[in-house]
Amino acid sequence: MRYSICILTILLLWPFPVVGIDTQNELAIRQIKTIQAPYDWRTTTEFWQEVMTPLIKQPLTLSTESTASIRLRQVKTLTNETYQMEITRKGVTIQAGTKEGASRALAHLAQLIAAADEQKIPCTYIKETPRFVYRGLMIDCSRHFWSINELKRDIRMMALFRFNRLHLHLTDNQGWRFYMKTHPEVALKGTHYEEVPELSDRYYSREELIDLVNYAAAAGIDIIPEIDLPGHCQALLTARPELSCHGGTFQVYPEEYEGVRTRPGENMICVSNPDTYVFINDIIDELTAIFPSKLIHLGGDEVATHIWERCPRCQALYAREKMTSWHELQDYFTQRVSQMVRSKGRLMIGWDEINDRQAASQKDVIMIWQADGRKQQRMATERGLQMILSPKDPCYFDFGYSRNSTRRVYEWEPLDKTLNGCDIGYVLGGQANLWTEFVTTQEEVERMLWPRACALAEVLWYQPEQKSWECFKKKLASIKKLFGWTDTDFTEESHLDNLGFVPTEEAIPSLKEAADITTDIEGIRYYHKEYAFDGDETTFFATPYSVPAGSSFTVTLKDLKTVKYIQILFDASKEYPDMVELLISKRDGLFVPVPSSLKDGILTASFNQPQEVKAVKFTLPKSMMARLSIKEISFISY
């Protein structure tokens with residue numbers, strides 16, 4: 001076969017491959033009817049048979065014949081996830097050393113099918129190996145519960161974009177979703193909400209998790225479980241209050257609960273209680289029996305010390321160990337549970353706080369999330385610690401697209417520029433985190449993941465010089481087609497080239513015209529309220545958390561304005577209200593409500609006759625269970 005590099009054809013391929021292309025020949029997709037693989041790869045073959053059948057629009061059957069349309073061959077010299085794929089007019093031959101490598105090749109083939117014009121694929125030779133060994137997504141199953149079938153749906157999409165780690169955040173203040181044979185009461189009581197029974201009693205059984213682990217393994221994806229300790233333990237303490245410093249009664253609440261919460265600031269377990277470590281040993285035993293992952297995540301983030309400071313037993317431990325900071329109690333905990341995990345033949349992951357005072361063992365893995373992660377990355381490399389990068393900018397996918405846009409994700413370079421060749425080896429890879437305080441349906445999960453996760457997949461798979469934003473934009477057409485075939489929701493961004501706005505200075509932005517802006521809504525530091533009226537739709541005012549009922553935002557113009565149309569542009573991906581009351585004021589300063597329409601994050605009001613307007617205000621008649629982003633408020637005169 002004659003091979004040549006054809007840049008125009010490369011633009012049709014997803015993701016960006018290293019290829020040789022026969023410009024004279026193509027494979028008709030209708031010829032793809034059978035798939036054959038080594039027996040040991042049968043579960044992987046069956047997984048891709050299920051995924052690819054709707055893509056090729058005809059049955060794909062398993063075969064034992066060497067003449068099958070897709071032929072998988074094991075070549076042990078190809079290590080880990082490396083694969084070679086040759087597409088000819090007669091079919092597809094894939095060579096890989098492992099079933100994981102075979103899975104990545106089949107994912108690439110599925111993407112080529114999605115990108116195909118006229119149901120034909122260019123005859124192509126591809127050889128690829130990923131840049132990073134860890135390419136993950138985290139889904140928060142504690143704040144909101146996702147069924148096994150919903151998680152399988154996410155796994156299928158992850159496999160299509162060659163992710164290889166699914167991190168499940170199984171426990172937090174809002175729910176303990178991990179059923180334990182040794183302590184069944186924790187899941188039973190830690191997911192039962194007296195005030196919100198319709199959301200109660202949802203957790204994963206041992207059998208369900210084993211089924212999910214096996215399904216993910218067939219897709220070449222390793223599931224990493226997280227039990228968040230020693231903070232974020234309100235659900236645990238509801239069932240086991242004796243593991244707290246002061247005992248008594250605790251209560252678990254779902255995110256939706258708006259009443260008065262009992263003991264909300266006491267969500268940490270007692271690190272000086274011997275029973276705590278007996279319980280944690282039982283946790284690790286049950287996790288390792290279900291999850292084959294080499295890595296076990298035990299949290300370690302956002303741990304306050306004020307309860308420990310008032311606990312006689314913790315005070316005694318503090319004195320006995322000659323500590324000089326109360327945070328060293330967390331370090332004591334970190335070191336003990338890390339050793340417990342290692343005793344089971346596994347390694348512990350912890351959020352980057354476990355390395356704040358160098359408590360982490362050199363065998364621990366640090367998951368970096370705070371700020372842009374550069375400082376924590378340097379701290380980890382100085383101690384020779386392996387790390388996974390998931391800085392909240394741009395890797396928090398619960399943030400709206402205005403802040404962490406698809407392009408911002410795509411342009412992210414994980415490695416700090418100060419790292420040398422040896423240091424780079426400590427970076428295992430990266431992941432996106434989808435926290436679900438404000439993500440309540442599977443459709444919302446999908447819209448917050450995609451297409452940003454597509455961009456992250458390319459960041460973690462390819463070397464920087466192999467990426468091109470302009471090429472990626474062209475690929476979005478085939479991505480949309482793929483998502484249509486898999487019936488998966490997908491977010492359309494109004495400003496696709498937006499790099500994602502994060503203010504870098506304290507200076508208050510200029511307004512697009514003279515006005516006074518007032519609000520009783522709390523904003524994120526530096527995301528000034530003036531950004532909502534600066535004439536730039538890529539900047540915005542944003543809240544750090546949910547917004548209470550009755551909150552308002554007002555723009556009062558210096559001069560009276562004749563207005564035909566008013567528009568308020570929120571973040572269309574998630575950070576917008578579902579109910580708003582719009583009011584205007586004329587000369588007298590009295591506000592009157594006006595009819596308005598709210599759809600997909602855009603609130604509009606139009607007038608049959610132009611109105612004189614001095615001020616516009618919107619209020620939220622009910623609490624908003626999400627962050628709020630206001631991109632721009634506009635008065636239009638035509």
# chains A, B, ... in the order shown; residues from 1 in each chain; ligands from 1
$ residues_around --residues "Ser200 (chain A)" --least-positions-apart "5" --cutoff "9 Å" --atoms "only C-alpha atoms" --output "list of chain:residue names"
A:Thr191, A:His192, A:Tyr193, A:Glu194, A:Pro254
$ write_last_selection --atoms "all heavy atoms" --output "mmCIF file, in the first residue's frame"
data_model
loop_
_atom_site.group_PDB
_atom_site.id
_atom_site.type_symbol
_atom_site.label_atom_id
_atom_site.label_comp_id
_atom_site.auth_asym_id
_atom_site.auth_seq_id
_atom_site.Cartn_x
_atom_site.Cartn_y
_atom_site.Cartn_z
ATOM 1 N N THR A 191 -27.949 7.373 54.057
ATOM 2 C CA THR A 191 -28.638 7.810 52.838
ATOM 3 C C THR A 191 -30.129 8.035 53.078
ATOM 4 O O THR A 191 -30.888 8.198 52.136
ATOM 5 C CB THR A 191 -28.474 6.787 51.700
ATOM 6 O OG1 THR A 191 -29.050 5.532 52.105
ATOM 7 C CG2 THR A 191 -27.025 6.577 51.337
ATOM 8 N N HIS A 192 -30.528 8.031 54.358
ATOM 9 C CA HIS A 192 -31.958 8.184 54.664
ATOM 10 C C HIS A 192 -32.233 9.599 55.166
ATOM 11 O O HIS A 192 -31.690 10.023 56.186
ATOM 12 C CB HIS A 192 -32.402 7.172 55.726
ATOM 13 C CG HIS A 192 -33.881 7.207 55.959
ATOM 14 N ND1 HIS A 192 -34.787 6.672 55.065
ATOM 15 C CD2 HIS A 192 -34.609 7.742 56.971
ATOM 16 C CE1 HIS A 192 -36.004 6.853 55.525
ATOM 17 N NE2 HIS A 192 -35.927 7.509 56.673
ATOM 18 N N TYR A 193 -33.075 10.314 54.416
ATOM 19 C CA TYR A 193 -33.393 11.698 54.722
ATOM 20 C C TYR A 193 -34.833 11.783 55.233
ATOM 21 O O TYR A 193 -35.777 11.597 54.463
ATOM 22 C CB TYR A 193 -33.241 12.579 53.478
ATOM 23 C CG TYR A 193 -31.972 12.346 52.688
ATOM 24 C CD1 TYR A 193 -32.024 11.999 51.334
ATOM 25 C CD2 TYR A 193 -30.719 12.489 53.280
ATOM 26 C CE1 TYR A 193 -30.870 11.798 50.600
ATOM 27 C CE2 TYR A 193 -29.560 12.288 52.552
ATOM 28 C CZ TYR A 193 -29.639 11.936 51.213
ATOM 29 O OH TYR A 193 -28.497 11.733 50.487
ATOM 30 N N GLU A 194 -34.988 12.082 56.494
ATOM 31 C CA GLU A 194 -36.329 12.181 57.072
ATOM 32 C C GLU A 194 -37.166 13.230 56.347
ATOM 33 O O GLU A 194 -38.359 13.036 56.101
ATOM 34 C CB GLU A 194 -36.238 12.533 58.560
ATOM 35 C CG GLU A 194 -35.602 11.454 59.430
ATOM 36 C CD GLU A 194 -36.500 10.227 59.584
ATOM 37 O OE1 GLU A 194 -37.697 10.337 59.284
ATOM 38 O OE2 GLU A 194 -35.976 9.169 59.991
ATOM 39 N N PRO A 254 -29.857 15.876 52.176
ATOM 40 C CA PRO A 254 -29.512 16.018 50.760
ATOM 41 C C PRO A 254 -29.228 17.483 50.451
ATOM 42 O O PRO A 254 -29.571 18.377 51.233
ATOM 43 C CB PRO A 254 -30.784 15.539 50.047
ATOM 44 C CG PRO A 254 -31.884 15.908 50.982
ATOM 45 C CD PRO A 254 -31.311 15.717 52.371
#
$ select_by_dssp --residues "region 338-400 of chain A" --states "strand (DSSP E)" --output "PyMOL selection string"
chain A and resi 347-351+365-368+386-389
$ residues_around --residues "Cys395 (chain A)" --least-positions-apart "2" --cutoff "8 Å" --atoms "only C-alpha atoms" --output "PyMOL selection string"
chain A and resi 390-393+397+404+409+431-433
$ write_last_selection --atoms "all heavy atoms" --output "compact mmCIF listing (two decimals), in the first residue's frame"
# COMPACT_ATOMS: atom_id res chain seq x y z
N SER A 390 -5.79 17.73 38.65
CA SER A 390 -7.19 18.07 38.38
C SER A 390 -7.50 19.44 38.97
O SER A 390 -8.45 19.60 39.75
CB SER A 390 -8.13 17.01 38.97
OG SER A 390 -7.92 16.87 40.37
N PRO A 391 -6.71 20.46 38.62
CA PRO A 391 -6.94 21.80 39.17
C PRO A 391 -8.32 22.31 38.80
O PRO A 391 -8.80 22.08 37.68
CB PRO A 391 -5.82 22.64 38.53
CG PRO A 391 -5.47 21.91 37.28
CD PRO A 391 -5.62 20.46 37.61
N LYS A 392 -8.95 23.03 39.74
CA LYS A 392 -10.35 23.41 39.50
C LYS A 392 -10.50 24.31 38.28
O LYS A 392 -11.57 24.33 37.66
CB LYS A 392 -10.94 24.06 40.75
CG LYS A 392 -10.26 25.31 41.23
CD LYS A 392 -10.92 25.79 42.52
CE LYS A 392 -10.25 27.02 43.09
NZ LYS A 392 -10.91 27.45 44.35
N ASP A 393 -9.48 25.05 37.92
CA ASP A 393 -9.46 25.76 36.64
C ASP A 393 -8.36 25.16 35.79
O ASP A 393 -7.18 25.33 36.10
CB ASP A 393 -9.20 27.26 36.84
CG ASP A 393 -10.35 27.96 37.55
OD1 ASP A 393 -11.49 27.80 37.10
OD2 ASP A 393 -10.10 28.65 38.55
N PHE A 397 -15.66 20.44 36.27
CA PHE A 397 -16.71 20.49 35.27
C PHE A 397 -18.08 20.78 35.88
O PHE A 397 -19.08 20.81 35.16
CB PHE A 397 -16.75 19.19 34.46
CG PHE A 397 -15.64 19.08 33.43
CD1 PHE A 397 -14.63 20.01 33.36
CD2 PHE A 397 -15.64 18.03 32.52
CE1 PHE A 397 -13.62 19.90 32.40
CE2 PHE A 397 -14.64 17.91 31.56
CZ PHE A 397 -13.63 18.86 31.50
N ASN A 404 -15.04 27.62 32.79
CA ASN A 404 -14.19 26.55 32.26
C ASN A 404 -14.75 26.11 30.92
O ASN A 404 -15.47 25.12 30.81
CB ASN A 404 -14.10 25.39 33.25
CG ASN A 404 -13.18 25.69 34.41
OD1 ASN A 404 -12.36 26.60 34.34
ND2 ASN A 404 -13.28 24.94 35.48
N VAL A 409 -10.21 24.23 28.47
CA VAL A 409 -9.78 22.86 28.76
C VAL A 409 -8.78 22.41 27.70
O VAL A 409 -7.72 21.85 28.01
CB VAL A 409 -10.99 21.90 28.80
CG1 VAL A 409 -10.52 20.46 28.98
CG2 VAL A 409 -11.94 22.29 29.93
N GLN A 431 -7.34 14.51 35.39
CA GLN A 431 -8.75 14.15 35.31
C GLN A 431 -9.61 15.39 35.52
O GLN A 431 -9.17 16.40 36.06
CB GLN A 431 -9.13 13.09 36.33
CG GLN A 431 -9.26 13.55 37.76
CD GLN A 431 -9.75 12.46 38.70
OE1 GLN A 431 -9.53 11.27 38.49
NE2 GLN A 431 -10.44 12.86 39.76
N ALA A 432 -10.85 15.28 35.06
CA ALA A 432 -11.86 16.29 35.34
C ALA A 432 -12.71 15.81 36.51
O ALA A 432 -12.92 14.61 36.68
CB ALA A 432 -12.74 16.52 34.12
N ASN A 433 -13.17 16.76 37.32
CA ASN A 433 -14.03 16.44 38.45
C ASN A 433 -15.41 17.04 38.26
O ASN A 433 -15.53 18.25 38.06
CB ASN A 433 -13.41 16.98 39.75
CG ASN A 433 -12.09 16.32 40.09
OD1 ASN A 433 -11.86 15.17 39.74
ND2 ASN A 433 -11.21 17.05 40.74
$ residues_around --residues "Leu428 (chain A)" --least-positions-apart "3" --cutoff "8 Å" --atoms "only C-alpha atoms" --output "number ranges by chain"
A: 132-134, 386-388, 425
$ residues_around --residues "Phe635 (chain A)" --least-positions-apart "5" --cutoff "12 Å" --atoms "only C-alpha atoms" --output "PDB file with N, CA and C atoms, in the first residue's frame"
ATOM      1  N   LYS A 512     -20.385  49.758  30.478  1.00  0.00           N
ATOM      2  CA  LYS A 512     -20.568  50.142  29.082  1.00  0.00           C
ATOM      3  C   LYS A 512     -21.292  51.484  28.959  1.00  0.00           C
ATOM      4  N   GLU A 513     -22.021  51.898  30.013  1.00  0.00           N
ATOM      5  CA  GLU A 513     -22.576  53.239  30.091  1.00  0.00           C
ATOM      6  C   GLU A 513     -22.787  53.576  31.564  1.00  0.00           C
ATOM      7  N   PHE A 533     -22.347  44.286  33.331  1.00  0.00           N
ATOM      8  CA  PHE A 533     -22.783  45.451  32.557  1.00  0.00           C
ATOM      9  C   PHE A 533     -21.580  46.164  31.939  1.00  0.00           C
ATOM     10  N   GLY A 535     -20.429  45.297  28.736  1.00  0.00           N
ATOM     11  CA  GLY A 535     -20.475  45.193  27.281  1.00  0.00           C
ATOM     12  C   GLY A 535     -19.752  44.005  26.700  1.00  0.00           C
ATOM     13  N   VAL A 555     -29.665  47.269  37.997  1.00  0.00           N
ATOM     14  CA  VAL A 555     -28.870  48.234  37.243  1.00  0.00           C
ATOM     15  C   VAL A 555     -29.691  49.515  37.130  1.00  0.00           C
ATOM     16  N   THR A 556     -29.159  50.615  37.687  1.00  0.00           N
ATOM     17  CA  THR A 556     -29.834  51.907  37.625  1.00  0.00           C
ATOM     18  C   THR A 556     -29.025  52.833  36.726  1.00  0.00           C
ATOM     19  N   LEU A 557     -29.609  53.234  35.624  1.00  0.00           N
ATOM     20  CA  LEU A 557     -28.917  54.069  34.652  1.00  0.00           C
ATOM     21  C   LEU A 557     -28.812  55.509  35.151  1.00  0.00           C
ATOM     22  N   LEU A 560     -32.240  58.543  31.831  1.00  0.00           N
ATOM     23  CA  LEU A 560     -33.422  57.825  31.368  1.00  0.00           C
ATOM     24  C   LEU A 560     -33.185  57.317  29.952  1.00  0.00           C
ATOM     25  N   LYS A 561     -33.684  56.108  29.680  1.00  0.00           N
ATOM     26  CA  LYS A 561     -33.423  55.492  28.376  1.00  0.00           C
ATOM     27  C   LYS A 561     -34.733  54.965  27.805  1.00  0.00           C
ATOM     28  N   THR A 562     -34.942  55.180  26.521  1.00  0.00           N
ATOM     29  CA  THR A 562     -36.103  54.613  25.842  1.00  0.00           C
ATOM     30  C   THR A 562     -35.736  53.225  25.332  1.00  0.00           C
ATOM     31  N   VAL A 563     -36.491  52.243  25.807  1.00  0.00           N
ATOM     32  CA  VAL A 563     -36.094  50.848  25.597  1.00  0.00           C
ATOM     33  C   VAL A 563     -37.205  50.075  24.905  1.00  0.00           C
ATOM     34  N   LYS A 564     -36.824  49.304  23.920  1.00  0.00           N
ATOM     35  CA  LYS A 564     -37.754  48.417  23.223  1.00  0.00           C
ATOM     36  C   LYS A 564     -37.620  46.971  23.700  1.00  0.00           C
ATOM     37  N   TYR A 565     -36.453  46.657  24.238  1.00  0.00           N
ATOM     38  CA  TYR A 565     -36.125  45.253  24.474  1.00  0.00           C
ATOM     39  C   TYR A 565     -35.100  45.181  25.603  1.00  0.00           C
ATOM     40  N   ILE A 566     -35.260  44.234  26.533  1.00  0.00           N
ATOM     41  CA  ILE A 566     -34.297  43.991  27.607  1.00  0.00           C
ATOM     42  C   ILE A 566     -33.863  42.526  27.544  1.00  0.00           C
ATOM     43  N   GLN A 567     -32.582  42.301  27.676  1.00  0.00           N
ATOM     44  CA  GLN A 567     -32.056  40.925  27.688  1.00  0.00           C
ATOM     45  C   GLN A 567     -31.072  40.758  28.836  1.00  0.00           C
ATOM     46  N   ILE A 568     -31.219  39.656  29.575  1.00  0.00           N
ATOM     47  CA  ILE A 568     -30.243  39.276  30.591  1.00  0.00           C
ATOM     48  C   ILE A 568     -29.677  37.922  30.189  1.00  0.00           C
ATOM     49  N   LEU A 569     -28.391  37.899  29.983  1.00  0.00           N
ATOM     50  CA  LEU A 569     -27.717  36.691  29.514  1.00  0.00           C
ATOM     51  C   LEU A 569     -27.004  36.027  30.685  1.00  0.00           C
ATOM     52  N   ILE A 584     -39.037  46.820  36.112  1.00  0.00           N
ATOM     53  CA  ILE A 584     -38.403  48.037  35.623  1.00  0.00           C
ATOM     54  C   ILE A 584     -38.911  49.225  36.431  1.00  0.00           C
ATOM     55  N   THR A 604     -35.583  37.436  28.420  1.00  0.00           N
ATOM     56  CA  THR A 604     -35.898  38.524  27.501  1.00  0.00           C
ATOM     57  C   THR A 604     -37.244  39.140  27.855  1.00  0.00           C
ATOM     58  N   ALA A 605     -37.349  40.441  27.590  1.00  0.00           N
ATOM     59  CA  ALA A 605     -38.614  41.164  27.714  1.00  0.00           C
ATOM     60  C   ALA A 605     -38.679  42.154  26.562  1.00  0.00           C
ATOM     61  N   SER A 606     -39.764  42.139  25.834  1.00  0.00           N
ATOM     62  CA  SER A 606     -39.933  43.091  24.732  1.00  0.00           C
ATOM     63  C   SER A 606     -41.228  43.856  24.934  1.00  0.00           C
ATOM     64  N   PHE A 607     -41.282  45.068  24.432  1.00  0.00           N
ATOM     65  CA  PHE A 607     -42.421  45.956  24.628  1.00  0.00           C
ATOM     66  C   PHE A 607     -43.016  46.330  23.281  1.00  0.00           C
ATOM     67  N   PRO A 610     -42.183  51.361  22.911  1.00  0.00           N
ATOM     68  CA  PRO A 610     -40.962  51.646  23.672  1.00  0.00           C
ATOM     69  C   PRO A 610     -41.283  52.232  25.046  1.00  0.00           C
ATOM     70  N   GLN A 611     -40.501  51.804  26.041  1.00  0.00           N
ATOM     71  CA  GLN A 611     -40.707  52.228  27.415  1.00  0.00           C
ATOM     72  C   GLN A 611     -39.536  53.082  27.891  1.00  0.00           C
ATOM     73  N   GLU A 612     -39.866  54.115  28.671  1.00  0.00           N
ATOM     74  CA  GLU A 612     -38.808  54.865  29.335  1.00  0.00           C
ATOM     75  C   GLU A 612     -38.366  54.077  30.571  1.00  0.00           C
ATOM     76  N   VAL A 613     -37.072  53.803  30.660  1.00  0.00           N
ATOM     77  CA  VAL A 613     -36.556  52.963  31.730  1.00  0.00           C
ATOM     78  C   VAL A 613     -35.387  53.673  32.407  1.00  0.00           C
ATOM     79  N   LYS A 614     -35.471  53.743  33.728  1.00  0.00           N
ATOM     80  CA  LYS A 614     -34.369  54.283  34.519  1.00  0.00           C
ATOM     81  C   LYS A 614     -33.563  53.150  35.164  1.00  0.00           C
ATOM     82  N   ALA A 615     -34.251  52.038  35.507  1.00  0.00           N
ATOM     83  CA  ALA A 615     -33.573  50.936  36.192  1.00  0.00           C
ATOM     84  C   ALA A 615     -34.264  49.622  35.853  1.00  0.00           C
ATOM     85  N   VAL A 616     -33.502  48.567  35.907  1.00  0.00           N
ATOM     86  CA  VAL A 616     -34.038  47.214  35.728  1.00  0.00           C
ATOM     87  C   VAL A 616     -33.528  46.358  36.883  1.00  0.00           C
TER      88      VAL A 616
END
$ closest_residue --among "A:Val439, A:Val252, A:Met157, A:Cys141" --to "Tyr204 (chain A)" --atoms "only C-alpha atoms"
A:Cys141
$ residues_around --residues "region 478-495 of chain A" --least-positions-apart "3" --cutoff "7 Å" --atoms "only C-alpha atoms" --output "MDAnalysis selection string"
chainID A and resid 54:55 114:115 443 446:447 450:451 475 498 573
$ write_last_selection --atoms "all heavy atoms" --output "CSV table (one decimal), in the first residue's frame"
chain,number,residue,atom,x,y,z
A,54,PRO,N,-24.8,0.5,16.9
A,54,PRO,CA,-25.6,1.6,16.4
A,54,PRO,C,-24.8,2.6,15.5
A,54,PRO,O,-25.4,3.3,14.7
A,54,PRO,CB,-26.1,2.3,17.7
A,54,PRO,CG,-25.1,1.8,18.7
A,54,PRO,CD,-24.7,0.5,18.3
A,55,LEU,N,-23.5,2.6,15.6
A,55,LEU,CA,-22.7,3.5,14.8
A,55,LEU,C,-22.6,3.0,13.4
A,55,LEU,O,-22.6,3.8,12.4
A,55,LEU,CB,-21.3,3.6,15.4
A,55,LEU,CG,-21.2,4.1,16.9
A,55,LEU,CD1,-19.7,4.3,17.2
A,55,LEU,CD2,-21.9,5.4,17.1
A,114,ALA,N,-17.6,7.7,13.0
A,114,ALA,CA,-18.5,8.9,13.2
A,114,ALA,C,-18.1,10.1,12.3
A,114,ALA,O,-18.9,10.9,11.9
A,114,ALA,CB,-18.4,9.4,14.7
A,115,ALA,N,-16.8,10.2,11.9
A,115,ALA,CA,-16.3,11.3,11.1
A,115,ALA,C,-16.4,11.0,9.6
A,115,ALA,O,-16.2,11.8,8.8
A,115,ALA,CB,-14.9,11.5,11.4
A,443,GLU,N,-29.1,13.9,32.4
A,443,GLU,CA,-28.9,14.8,31.2
A,443,GLU,C,-28.0,16.0,31.6
A,443,GLU,O,-27.2,16.4,30.7
A,443,GLU,CB,-30.3,15.4,30.8
A,443,GLU,CG,-31.2,14.4,30.2
A,443,GLU,CD,-31.8,13.4,31.2
A,443,GLU,OE1,-31.8,13.7,32.4
A,443,GLU,OE2,-32.2,12.3,30.8
A,446,GLU,N,-24.4,14.8,31.5
A,446,GLU,CA,-23.8,14.7,30.1
A,446,GLU,C,-23.5,16.1,29.6
A,446,GLU,O,-22.5,16.3,29.0
A,446,GLU,CB,-24.9,14.0,29.2
A,446,GLU,CG,-25.0,12.5,29.6
A,446,GLU,CD,-26.2,11.8,28.9
A,446,GLU,OE1,-26.8,12.5,28.1
A,446,GLU,OE2,-26.4,10.7,29.3
A,447,ARG,N,-24.4,17.1,29.8
A,447,ARG,CA,-24.1,18.4,29.3
A,447,ARG,C,-22.9,19.1,30.0
A,447,ARG,O,-22.2,19.8,29.3
A,447,ARG,CB,-25.4,19.3,29.5
A,447,ARG,CG,-26.5,19.0,28.6
A,447,ARG,CD,-27.6,20.1,28.5
A,447,ARG,NE,-28.2,20.3,29.8
A,447,ARG,CZ,-29.3,19.7,30.2
A,447,ARG,NH1,-29.9,18.8,29.4
A,447,ARG,NH2,-29.8,19.9,31.4
A,450,TRP,N,-19.7,17.0,28.3
A,450,TRP,CA,-19.4,17.0,26.9
A,450,TRP,C,-19.9,18.3,26.3
A,450,TRP,O,-20.9,18.8,26.5
A,450,TRP,CB,-20.2,15.8,26.2
A,450,TRP,CG,-20.0,14.5,26.9
A,450,TRP,CD1,-20.9,13.9,27.7
A,450,TRP,CD2,-18.8,13.7,27.0
A,450,TRP,NE1,-20.4,12.7,28.2
A,450,TRP,CE2,-19.1,12.6,27.8
A,450,TRP,CE3,-17.6,13.8,26.4
A,450,TRP,CZ2,-18.2,11.6,28.0
A,450,TRP,CZ3,-16.6,12.8,26.7
A,450,TRP,CH2,-17.0,11.7,27.5
A,451,PRO,N,-19.0,18.9,25.5
A,451,PRO,CA,-17.8,18.4,24.8
A,451,PRO,C,-16.5,18.7,25.6
A,451,PRO,O,-15.4,18.4,25.1
A,451,PRO,CB,-17.7,19.1,23.5
A,451,PRO,CG,-18.3,20.5,23.8
A,451,PRO,CD,-19.4,20.2,24.9
A,475,LYS,N,-13.5,19.1,14.1
A,475,LYS,CA,-13.9,17.8,14.5
A,475,LYS,C,-15.2,17.8,15.3
A,475,LYS,O,-15.9,16.8,15.4
A,475,LYS,CB,-12.8,17.2,15.5
A,475,LYS,CG,-11.5,16.9,14.8
A,475,LYS,CD,-10.4,16.6,15.8
A,475,LYS,CE,-9.1,16.6,15.2
A,475,LYS,NZ,-8.0,16.6,16.2
A,498,ASN,N,-14.0,31.2,23.3
A,498,ASN,CA,-13.7,31.8,24.6
A,498,ASN,C,-12.8,31.0,25.4
A,498,ASN,O,-13.0,29.8,25.6
A,498,ASN,CB,-15.1,32.0,25.3
A,498,ASN,CG,-14.9,32.6,26.7
A,498,ASN,OD1,-13.9,33.3,27.0
A,498,ASN,ND2,-15.9,32.4,27.6
A,573,SER,N,-25.1,27.0,30.3
A,573,SER,CA,-24.8,25.5,30.6
A,573,SER,C,-25.4,25.0,31.8
A,573,SER,O,-26.0,23.9,31.9
A,573,SER,CB,-23.3,25.3,30.6
A,573,SER,OG,-22.6,26.1,31.5
$ atom_distance --atom1 "CA of Trp308 (chain A)" --atom2 "CA of Arg143 (chain A)"
25.3 Å
$ select_by_dssp --residues "region 404-474 of chain A" --states "alpha helix (DSSP H)" --output "PyMOL selection string"
chain A and resi 406-411+421-424+442-449+452-461+469-474
$ residues_around --residues "Gln335 (chain A)" --least-positions-apart "3" --cutoff "8 Å" --atoms "only C-alpha atoms" --output "list in words"
Asp331, Tyr332, Ser338, Gln339, Ala359, Ala360 and Ser361 of chain A
$ write_last_selection --atoms "C-alpha atoms" --output "tab-separated table (two decimals), in the first residue's frame"
chain	number	residue	atom	x	y	z
A	331	ASP	CA	-1.14	14.39	59.12
A	332	TYR	CA	-1.13	11.74	61.86
A	338	SER	CA	-1.76	5.27	54.19
A	339	GLN	CA	0.10	2.48	55.93
A	359	ALA	CA	2.79	14.10	55.66
A	360	ALA	CA	2.30	12.07	52.50
A	361	SER	CA	4.46	9.00	52.02
$ closest_residue --among "A:Pro241, A:Gly91, A:Gly220, A:Gly523" --to "Thr124 (chain A)" --atoms "only C-alpha atoms"
A:Gly91
$ closest_residue --among "A:Pro595, A:Ser69, A:Ala457, A:Val51" --to "Lys33 (chain A)" --atoms "only C-alpha atoms"
A:Ser69
$ atom_distance --atom1 "CA of Tyr125 (chain A)" --atom2 "CA of Gly20 (chain A)"
5.0 Å
$ closest_residue --among "A:Tyr39, A:Trp461, A:Phe472, A:Phe161" --to "Ala110 (chain A)" --atoms "only C-alpha atoms"
A:Phe161
$ closest_atom_pairs --of "region 112-154 of chain A" --to "region 168-180 of chain A" --cutoff "8 Å" --atoms "only C-alpha atoms" --output "CSV"
residue,atom,partner,partner_atom,distance
A:Met138,CA,A:Leu168,CA,5.8
A:Ile139,CA,A:Leu168,CA,5.4
A:Asp140,CA,A:His169,CA,4.7
A:Cys141,CA,A:Leu170,CA,5.4
A:Ser142,CA,A:Gly175,CA,4.9
A:Arg143,CA,A:Gln174,CA,5.3
A:Phe145,CA,A:Arg177,CA,7.7
$ atom_distance --atom1 "CA of Arg320 (chain A)" --atom2 "CA of Asn267 (chain A)"
24.5 Å
